[in-house]
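**Q** This is the content of query_35.cif (mmCIF, C-alpha atoms and all ligand atoms):
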data_data
loop_
_atom_site.label_atom_id
_atom_site.label_comp_id
_atom_site.auth_asym_id
_atom_site.auth_seq_id
_atom_site.Cartn_x
_atom_site.Cartn_y
_atom_site.Cartn_z
CA MET A 224 -20.85 -22.31 -19.59
CA LYS A 225 -17.61 -20.36 -20.05
CA ARG A 226 -14.44 -22.44 -20.00
CA VAL A 227 -11.46 -20.38 -18.87
CA ILE A 228 -7.93 -21.78 -18.92
CA VAL A 229 -5.85 -20.44 -16.03
CA GLY A 230 -2.06 -20.71 -16.18
CA LEU A 231 0.04 -20.03 -13.10
CA SER A 232 3.70 -19.43 -13.94
CA GLY A 233 6.73 -18.71 -11.77
CA ALA A 234 6.69 -14.93 -11.53
CA SER A 235 6.31 -13.42 -8.11
CA GLY A 236 2.68 -12.87 -7.13
CA VAL A 237 1.22 -16.37 -7.28
CA VAL A 238 -1.44 -14.96 -4.95
CA TYR A 239 -3.04 -13.37 -8.04
CA GLY A 240 -3.57 -16.79 -9.58
CA ILE A 241 -4.90 -18.31 -6.37
CA ARG A 242 -7.35 -15.49 -5.81
CA LEU A 243 -8.56 -15.67 -9.42
CA LEU A 244 -9.29 -19.38 -8.99
CA GLU A 245 -11.14 -18.63 -5.73
CA VAL A 246 -13.29 -16.01 -7.42
CA LEU A 247 -14.04 -18.17 -10.47
CA LYS A 248 -14.95 -21.12 -8.24
CA GLY A 249 -17.82 -19.02 -6.92
CA ILE A 250 -19.22 -18.38 -10.41
CA ALA A 251 -21.42 -21.29 -11.46
CA GLU A 252 -21.27 -20.63 -15.18
CA VAL A 253 -17.46 -20.70 -15.35
CA GLU A 254 -15.43 -23.91 -15.72
CA THR A 255 -11.73 -23.49 -14.96
CA HIS A 256 -8.90 -25.52 -16.47
CA LEU A 257 -5.70 -25.07 -14.49
CA ILE A 258 -2.01 -25.45 -15.42
CA VAL A 259 0.63 -24.84 -12.75
CA SER A 260 4.24 -24.54 -13.95
CA LYS A 261 7.19 -25.86 -11.94
CA GLY A 262 8.20 -22.23 -11.35
CA ALA A 263 4.77 -21.50 -9.87
CA GLU A 264 5.09 -24.49 -7.57
CA ILE A 265 8.28 -22.88 -6.21
CA THR A 266 6.77 -19.41 -5.72
CA LEU A 267 3.73 -21.03 -4.12
CA ARG A 268 6.02 -22.60 -1.51
CA LEU A 269 8.07 -19.42 -1.00
CA GLU A 270 5.33 -16.78 -1.08
CA THR A 271 2.29 -18.42 0.47
CA GLU A 272 1.15 -20.95 3.03
CA THR A 273 -1.23 -22.51 0.52
CA SER A 274 -0.47 -26.05 -0.58
CA LEU A 275 -0.36 -27.12 -4.21
CA ALA A 276 -3.18 -29.56 -3.46
CA ALA A 277 -5.34 -26.71 -2.16
CA VAL A 278 -4.68 -24.66 -5.30
CA ARG A 279 -5.48 -27.61 -7.55
CA ALA A 280 -8.72 -28.17 -5.61
CA LEU A 281 -9.90 -24.70 -6.61
CA ALA A 282 -10.03 -25.65 -10.30
CA ASP A 283 -12.67 -27.71 -12.07
CA VAL A 284 -10.06 -29.51 -14.18
CA VAL A 285 -6.30 -29.70 -13.57
CA HIS A 286 -3.83 -30.40 -16.37
CA GLU A 287 -0.18 -31.30 -15.88
CA HIS A 288 2.33 -28.76 -17.17
CA GLY A 289 4.12 -31.42 -19.22
CA ASN A 290 1.02 -33.05 -20.71
CA LEU A 291 0.99 -31.89 -24.30
CA ALA A 292 -1.78 -34.40 -25.05
CA ALA A 293 -4.25 -32.62 -22.72
CA SER A 294 -7.60 -31.48 -24.12
CA ILE A 295 -6.59 -27.81 -23.97
CA SER A 296 -3.63 -28.56 -26.23
CA SER A 297 -6.05 -28.69 -29.17
CA GLY A 298 -8.05 -25.91 -30.77
CA SER A 299 -10.92 -28.34 -31.22
CA PHE A 300 -11.48 -28.18 -27.44
CA ARG A 301 -13.79 -25.25 -26.88
CA ALA A 302 -12.70 -22.58 -24.39
CA CYS A 303 -13.49 -18.90 -24.32
CA GLY A 304 -9.90 -17.98 -23.51
CA MET A 305 -6.94 -18.15 -21.22
CA VAL A 306 -5.27 -16.04 -18.58
CA VAL A 307 -1.67 -16.46 -17.43
CA VAL A 308 -1.43 -14.95 -13.97
CA PRO A 309 1.19 -14.20 -12.91
CA CYS A 310 3.09 -14.45 -16.18
CA SER A 311 6.86 -14.87 -15.90
CA MET A 312 9.20 -13.42 -18.49
CA LYS A 313 10.10 -16.98 -19.45
CA SER A 314 6.49 -17.98 -20.12
CA LEU A 315 5.94 -14.68 -21.92
CA ALA A 316 8.93 -15.43 -24.16
CA GLN A 317 7.71 -18.96 -24.84
CA ILE A 318 4.32 -17.62 -25.87
CA ALA A 319 5.82 -14.83 -27.99
CA LEU A 320 7.93 -17.40 -29.83
CA SER A 321 5.12 -20.01 -30.13
CA LEU A 322 7.40 -22.59 -28.53
CA GLY A 323 4.60 -24.84 -27.31
CA ASP A 324 7.03 -27.10 -25.48
CA ASN A 325 4.94 -27.23 -22.32
CA LEU A 326 1.18 -27.17 -21.86
CA LEU A 327 1.04 -23.56 -20.66
CA SER A 328 2.73 -22.14 -23.76
CA ARG A 329 0.95 -24.64 -26.04
CA ALA A 330 -2.50 -23.75 -24.65
CA ALA A 331 -1.65 -20.05 -24.99
CA ASP A 332 -0.54 -20.62 -28.58
CA VAL A 333 -3.78 -22.47 -29.33
CA THR A 334 -5.75 -19.63 -27.76
CA LEU A 335 -4.02 -17.17 -30.09
CA LYS A 336 -4.37 -19.27 -33.22
CA GLU A 337 -8.08 -19.78 -32.55
CA ARG A 338 -8.38 -16.00 -32.08
CA ARG A 339 -9.65 -16.43 -28.54
CA LYS A 340 -8.93 -14.11 -25.66
CA LEU A 341 -5.45 -14.45 -24.15
CA VAL A 342 -4.75 -12.24 -21.13
CA LEU A 343 -1.22 -12.13 -19.73
CA VAL A 344 -0.49 -10.58 -16.33
CA PRO A 345 3.30 -10.11 -16.50
CA ARG A 346 5.38 -9.47 -13.37
CA GLU A 347 8.90 -8.23 -13.64
CA SER A 348 10.59 -4.92 -12.89
CA PRO A 349 12.44 -3.23 -14.42
CA LEU A 350 11.85 -4.46 -17.96
CA HIS A 351 14.55 -4.77 -20.60
CA LEU A 352 14.01 -4.40 -24.32
CA GLY A 353 13.65 -8.16 -24.79
CA HIS A 354 10.73 -8.28 -22.36
CA LEU A 355 9.13 -5.29 -24.05
CA ARG A 356 9.64 -6.83 -27.50
CA HIS A 357 7.94 -10.03 -26.39
CA MET A 358 5.03 -8.00 -25.02
CA THR A 359 4.80 -6.18 -28.34
CA ALA A 360 4.91 -9.48 -30.25
CA VAL A 361 2.10 -11.10 -28.26
CA THR A 362 0.05 -7.92 -28.49
CA GLU A 363 0.47 -7.94 -32.27
CA MET A 364 -0.77 -11.56 -32.23
CA GLY A 365 -3.90 -10.54 -30.31
CA ALA A 366 -3.00 -11.08 -26.67
CA ILE A 367 -3.78 -8.54 -23.98
CA ILE A 368 -0.98 -7.47 -21.66
CA LEU A 369 -2.65 -6.59 -18.36
CA PRO A 370 0.04 -5.70 -15.81
CA PRO A 371 -0.75 -5.86 -12.10
CA ALA A 372 -0.81 -2.08 -11.89
CA PRO A 373 -3.68 -1.11 -9.61
CA SER A 374 -5.24 2.31 -9.54
CA PHE A 375 -5.49 4.13 -6.24
CA TYR A 376 -8.65 6.16 -6.76
CA HIS A 377 -10.63 3.13 -5.53
CA GLY A 378 -9.20 3.74 -2.05
CA PRO A 379 -7.59 0.32 -1.48
CA GLN A 380 -7.11 -0.58 2.19
CA THR A 381 -5.39 -3.93 1.96
CA ILE A 382 -3.05 -5.86 -0.33
CA MET A 383 -6.00 -8.02 -1.34
CA ASP A 384 -7.86 -4.87 -2.47
CA LEU A 385 -4.95 -4.26 -4.86
CA VAL A 386 -4.99 -7.88 -6.03
CA ASP A 387 -8.75 -7.80 -6.57
CA GLN A 388 -8.56 -4.61 -8.56
CA THR A 389 -6.24 -6.22 -11.12
CA LEU A 390 -8.28 -9.42 -11.19
CA GLY A 391 -11.45 -7.40 -11.75
CA LYS A 392 -9.78 -6.00 -14.87
CA VAL A 393 -8.99 -9.57 -15.96
CA LEU A 394 -12.62 -10.64 -15.49
CA ASP A 395 -13.79 -7.58 -17.42
CA GLN A 396 -11.80 -8.90 -20.39
CA PHE A 397 -13.91 -12.07 -20.31
CA GLU A 398 -17.14 -10.17 -19.63
CA ILE A 399 -17.56 -12.06 -16.35
CA GLU A 400 -19.63 -10.14 -13.79
CA HIS A 401 -17.85 -9.35 -10.56
CA HIS A 402 -17.74 -6.97 -7.62
CA LEU A 403 -13.99 -6.99 -7.06
CA PHE A 404 -13.77 -3.22 -7.21
CA ARG A 405 -16.10 -0.26 -7.24
CA ARG A 406 -16.37 1.20 -10.73
CA TRP A 407 -15.68 4.82 -11.35
CA GLY A 408 -19.08 6.39 -11.95
CA GLY A 409 -20.99 3.46 -10.37
CA ASP A 410 -21.75 -0.15 -11.32
CA ALA A 411 -24.45 0.57 -13.91
CA ALA A 412 -23.44 -0.31 -17.49
C1 LIG A 501 10.76 -16.27 -5.52
C2 LIG A 501 10.88 -16.12 -7.00
C3 LIG A 501 10.36 -15.00 -7.60
C4 LIG A 501 10.45 -14.84 -8.98
N1 LIG A 501 9.89 -13.74 -9.53
C5 LIG A 501 9.88 -13.61 -10.87
C6 LIG A 501 9.20 -12.52 -11.46
O1 LIG A 501 8.61 -11.67 -10.79
N2 LIG A 501 9.18 -12.44 -12.80
C7 LIG A 501 9.79 -13.38 -13.59
O2 LIG A 501 9.71 -13.26 -14.82
N3 LIG A 501 10.45 -14.44 -13.05
C8 LIG A 501 10.51 -14.58 -11.73
N4 LIG A 501 11.14 -15.65 -11.16
C9 LIG A 501 11.88 -16.57 -12.02
C10 LIG A 501 10.99 -17.62 -12.66
O3 LIG A 501 10.36 -18.42 -11.68
C11 LIG A 501 11.85 -18.51 -13.58
O4 LIG A 501 12.32 -17.76 -14.68
C12 LIG A 501 11.11 -19.74 -14.07
O5 LIG A 501 11.99 -20.47 -14.91
C13 LIG A 501 9.86 -19.38 -14.84
O6 LIG A 501 9.36 -20.56 -15.44
P1 LIG A 501 7.80 -20.74 -15.73
O7 LIG A 501 7.38 -19.56 -16.51
O8 LIG A 501 7.73 -22.02 -16.51
O9 LIG A 501 7.15 -20.84 -14.41
C14 LIG A 501 11.09 -15.83 -9.78
C15 LIG A 501 11.62 -16.96 -9.16
C16 LIG A 501 11.51 -17.11 -7.79
C17 LIG A 501 12.07 -18.35 -7.15
#
Could I get this structure in the form of structure tokens?
**A**
Amino acid sequence: MKRVIVGLSGASGVVYGIRLLEVLKGIAEVETHLIVSKGAEITLRLETETSLAAVRALADVVHEHGNLAASISSGSFRACGMVVVPCSMKSLAQIALSLGDNLLSRAADVTLKERRKLVLVPRESPLHLGHLRHMTAVTEMGAIILPPAPSFYHGPQTIMDLVDQTLGKVLDQFEIEHHLFRRWGGDAA
């Protein structure tokens, strides 16, 4: 069983987080632990017709953003890693500075300190030097910055093809099998 912590923060593109939860729900050997920030609740309302309750129902376990006593707040709770998707510049900064003042940044900090996989899918454009410095800092600490920057040689037809291509790259980081995009050179290892 792979436990994956999924953090949804308030950058545009909450659809990435929803779709990731949908995909992971279909994989029996993955247990998802979800944190939804207040910012993500707002983008969910503005960008989708999906209710918060429906998003929460996609996860195996839901943790409140303010609950610093949650299981995933401790390194003794076993998880294979965490993905923040989409990752706002605020959540990125909180992680870069190890603030740990909400469960999303605390769980990310724990993931880093335990040397587990932390994948951040940042969404902002253009980027100023502060954003870039935070990305450098988290990369130096072991996180993976995985921007939603799809390739076009897969021949995407729909927006969801673009979303799936990025999420396939996320799942690759956790070595979770998927068919979200066709691999260059075929699917064989
Ligand atoms: C519709 C909407 C779109 C936003 N898009 C972005 C974005 O793409 N990137 C970003 O860093 N912040 C974006 N924000 C701002 C964040 O939601 C805001 O900074 C929030 O405080 C982030 O907090 P959180 O990381 O705890 O969710 C957006 C806000 C709204 C309402």
**Q** From the options A:Val284, A:Leu267, A:Ile382, A:Leu320, which residue's atoms come nearest to Glu254 (chain A), counting all atoms listed in the file?
**A**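 Using all atoms listed in the file, the shortest distance to Glu254 (chain A) belongs to A:Val284.
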**Q** Quick one: residues within 10 Å of ligand LIG 501 (chain A), with all atoms listed in the file, as an MDAnalysis selection string?
**A** chainID A and resid 230:237 259:270 288 307 309:317 325:328 345:350 354
**Q** Next, write the just-selected residues to a file, as a PDB file, in the coordinates of the input, keeping C-alpha atoms as the atom set.
**A**
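Output file part_10.pdb is given in full below:
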ATOM      1  CA  GLY A 230      -2.060 -20.710 -16.180  1.00  0.00           C
ATOM      2  CA  LEU A 231       0.040 -20.030 -13.100  1.00  0.00           C
ATOM      3  CA  SER A 232       3.700 -19.430 -13.940  1.00  0.00           C
ATOM      4  CA  GLY A 233       6.730 -18.710 -11.770  1.00  0.00           C
ATOM      5  CA  ALA A 234       6.690 -14.930 -11.530  1.00  0.00           C
ATOM      6  CA  SER A 235       6.310 -13.420  -8.110  1.00  0.00           C
ATOM      7  CA  GLY A 236       2.680 -12.870  -7.130  1.00  0.00           C
ATOM      8  CA  VAL A 237       1.220 -16.370  -7.280  1.00  0.00           C
ATOM      9  CA  VAL A 259       0.630 -24.840 -12.750  1.00  0.00           C
ATOM     10  CA  SER A 260       4.240 -24.540 -13.950  1.00  0.00           C
ATOM     11  CA  LYS A 261       7.190 -25.860 -11.940  1.00  0.00           C
ATOM     12  CA  GLY A 262       8.200 -22.230 -11.350  1.00  0.00           C
ATOM     13  CA  ALA A 263       4.770 -21.500  -9.870  1.00  0.00           C
ATOM     14  CA  GLU A 264       5.090 -24.490  -7.570  1.00  0.00           C
ATOM     15  CA  ILE A 265       8.280 -22.880  -6.210  1.00  0.00           C
ATOM     16  CA  THR A 266       6.770 -19.410  -5.720  1.00  0.00           C
ATOM     17  CA  LEU A 267       3.730 -21.030  -4.120  1.00  0.00           C
ATOM     18  CA  ARG A 268       6.020 -22.600  -1.510  1.00  0.00           C
ATOM     19  CA  LEU A 269       8.070 -19.420  -1.000  1.00  0.00           C
ATOM     20  CA  GLU A 270       5.330 -16.780  -1.080  1.00  0.00           C
ATOM     21  CA  HIS A 288       2.330 -28.760 -17.170  1.00  0.00           C
ATOM     22  CA  VAL A 307      -1.670 -16.460 -17.430  1.00  0.00           C
ATOM     23  CA  PRO A 309       1.190 -14.200 -12.910  1.00  0.00           C
ATOM     24  CA  CYS A 310       3.090 -14.450 -16.180  1.00  0.00           C
ATOM     25  CA  SER A 311       6.860 -14.870 -15.900  1.00  0.00           C
ATOM     26  CA  MET A 312       9.200 -13.420 -18.490  1.00  0.00           C
ATOM     27  CA  LYS A 313      10.100 -16.980 -19.450  1.00  0.00           C
ATOM     28  CA  SER A 314       6.490 -17.980 -20.120  1.00  0.00           C
ATOM     29  CA  LEU A 315       5.940 -14.680 -21.920  1.00  0.00           C
ATOM     30  CA  ALA A 316       8.930 -15.430 -24.160  1.00  0.00           C
ATOM     31  CA  GLN A 317       7.710 -18.960 -24.840  1.00  0.00           C
ATOM     32  CA  ASN A 325       4.940 -27.230 -22.320  1.00  0.00           C
ATOM     33  CA  LEU A 326       1.180 -27.170 -21.860  1.00  0.00           C
ATOM     34  CA  LEU A 327       1.040 -23.560 -20.660  1.00  0.00           C
ATOM     35  CA  SER A 328       2.730 -22.140 -23.760  1.00  0.00           C
ATOM     36  CA  PRO A 345       3.300 -10.110 -16.500  1.00  0.00           C
ATOM     37  CA  ARG A 346       5.380  -9.470 -13.370  1.00  0.00           C
ATOM     38  CA  GLU A 347       8.900  -8.230 -13.640  1.00  0.00           C
ATOM     39  CA  SER A 348      10.590  -4.920 -12.890  1.00  0.00           C
ATOM     40  CA  PRO A 349      12.440  -3.230 -14.420  1.00  0.00           C
ATOM     41  CA  LEU A 350      11.850  -4.460 -17.960  1.00  0.00           C
ATOM     42  CA  HIS A 354      10.730  -8.280 -22.360  1.00  0.00           C
TER      43      HIS A 354
END
**Q** Can you tell me which residues surround Leu281 (chain A) at a distance of at most 10 Å, considering all atoms listed in the file, apart from same-chain residues fewer than 2 positions away, and format the answer as a list of chain:residue names?
**A**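 Using all atoms listed in the file, the neighbours found are A:Ile241, A:Arg242, A:Leu243, A:Leu244, A:Glu245, A:Val246, A:Leu247, A:Lys248, A:Gly249, A:Thr255, A:His256, A:Leu257, A:Ala276, A:Ala277, A:Val278, A:Arg279, A:Asp283, A:Val284, A:Val285.
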**Q** For a test of reading the model, state the distance in Å between CA of Lys225 (chain A) and CA of Met358 (chain A), rounded to one decimal.
**A** 26.3 Å
**Q** Please determine, counting all atoms listed in the file, which residue among A:Thr359, A:Ser374, A:Thr273, A:Ser299 has the shortest atom-to-atom distance to Lys336 (chain A).
**A**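 Closest to Lys336 (chain A), using all atoms listed in the file: A:Ser299.
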**Q** Which distance in Å separates CA of Leu352 (chain A) and CA of Ala366 (chain A), to one decimal?
**A**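 Answer for the CA of Leu352 (chain A) to CA of Ala366 (chain A) separation: 18.4 Å.
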**Q** Report, in Å to a single decimal, how far apart CA of Lys340 (chain A) and CA of Ser296 (chain A) are.
**A**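 CA of Lys340 (chain A) lies at a distance of 15.4 Å from CA of Ser296 (chain A).
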**Q** Quick one: residues within 12 Å of Met364 (chain A), all atoms listed in the file counted, chain neighbours fewer than 5 positions away excluded, as a list in words?
**A**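 My list of contacting residues is Ile318, Ala319, Leu320, Ser321, Ala331, Asp332, Val333, Thr334, Leu335, Lys336, Glu337, Arg338, Arg339, Lys340, Leu341, Val342, His357, Met358 and Thr359 of chain A.
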**Q** Taking the point (-12.6, -10.7, -19.9) as given in the file, collect each protein or nucleic acid residue that comes within 10 Å of it, counting all atoms listed in the file, and present the set as a ChimeraX atom specification.
**A** /A:227,303-306,340-342,367,390-400
**Q** Would you mind telling me which residue in A:Ile368, A:Val308, A:Asp324, A:Ser274 lies nearest to Asn290 (chain A) when using only C-alpha atoms?
**A**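 Of A:Ile368, A:Val308, A:Asp324, A:Ser274, the one nearest Asn290 (chain A), counting only C-alpha atoms, is A:Asp324.
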**Q** Using all atoms listed in the file, determine which residues lie at most 9 Å from Ser297 (chain A), disregarding the query and same-chain residues fewer than 4 positions distant; provide the list as a list in words.
**A** Ala292, Ala293, Arg301, Arg329, Ala330 and Val333 of chain A
**Q** Give, as JSON, the centre coordinates and the x, y and z edge lengths in Å to one decimal for an axis-aligned box around all listed atoms of region 283-294 of chain A, padded by 8 Å on each side.
**A**
{"center_x": -4.3, "center_y": -31.1, "center_z": -18.6, "size_x": 32.8, "size_y": 22.7, "size_z": 29.0}
**Q** With only C-alpha atoms as the atoms that count, which of A:Ala360, A:Phe375, A:Gly353, A:Ala282 lies nearest to Trp407 (chain A)?
**A**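 Once distances to Trp407 (chain A) are computed over only C-alpha atoms, the minimum belongs to A:Phe375.
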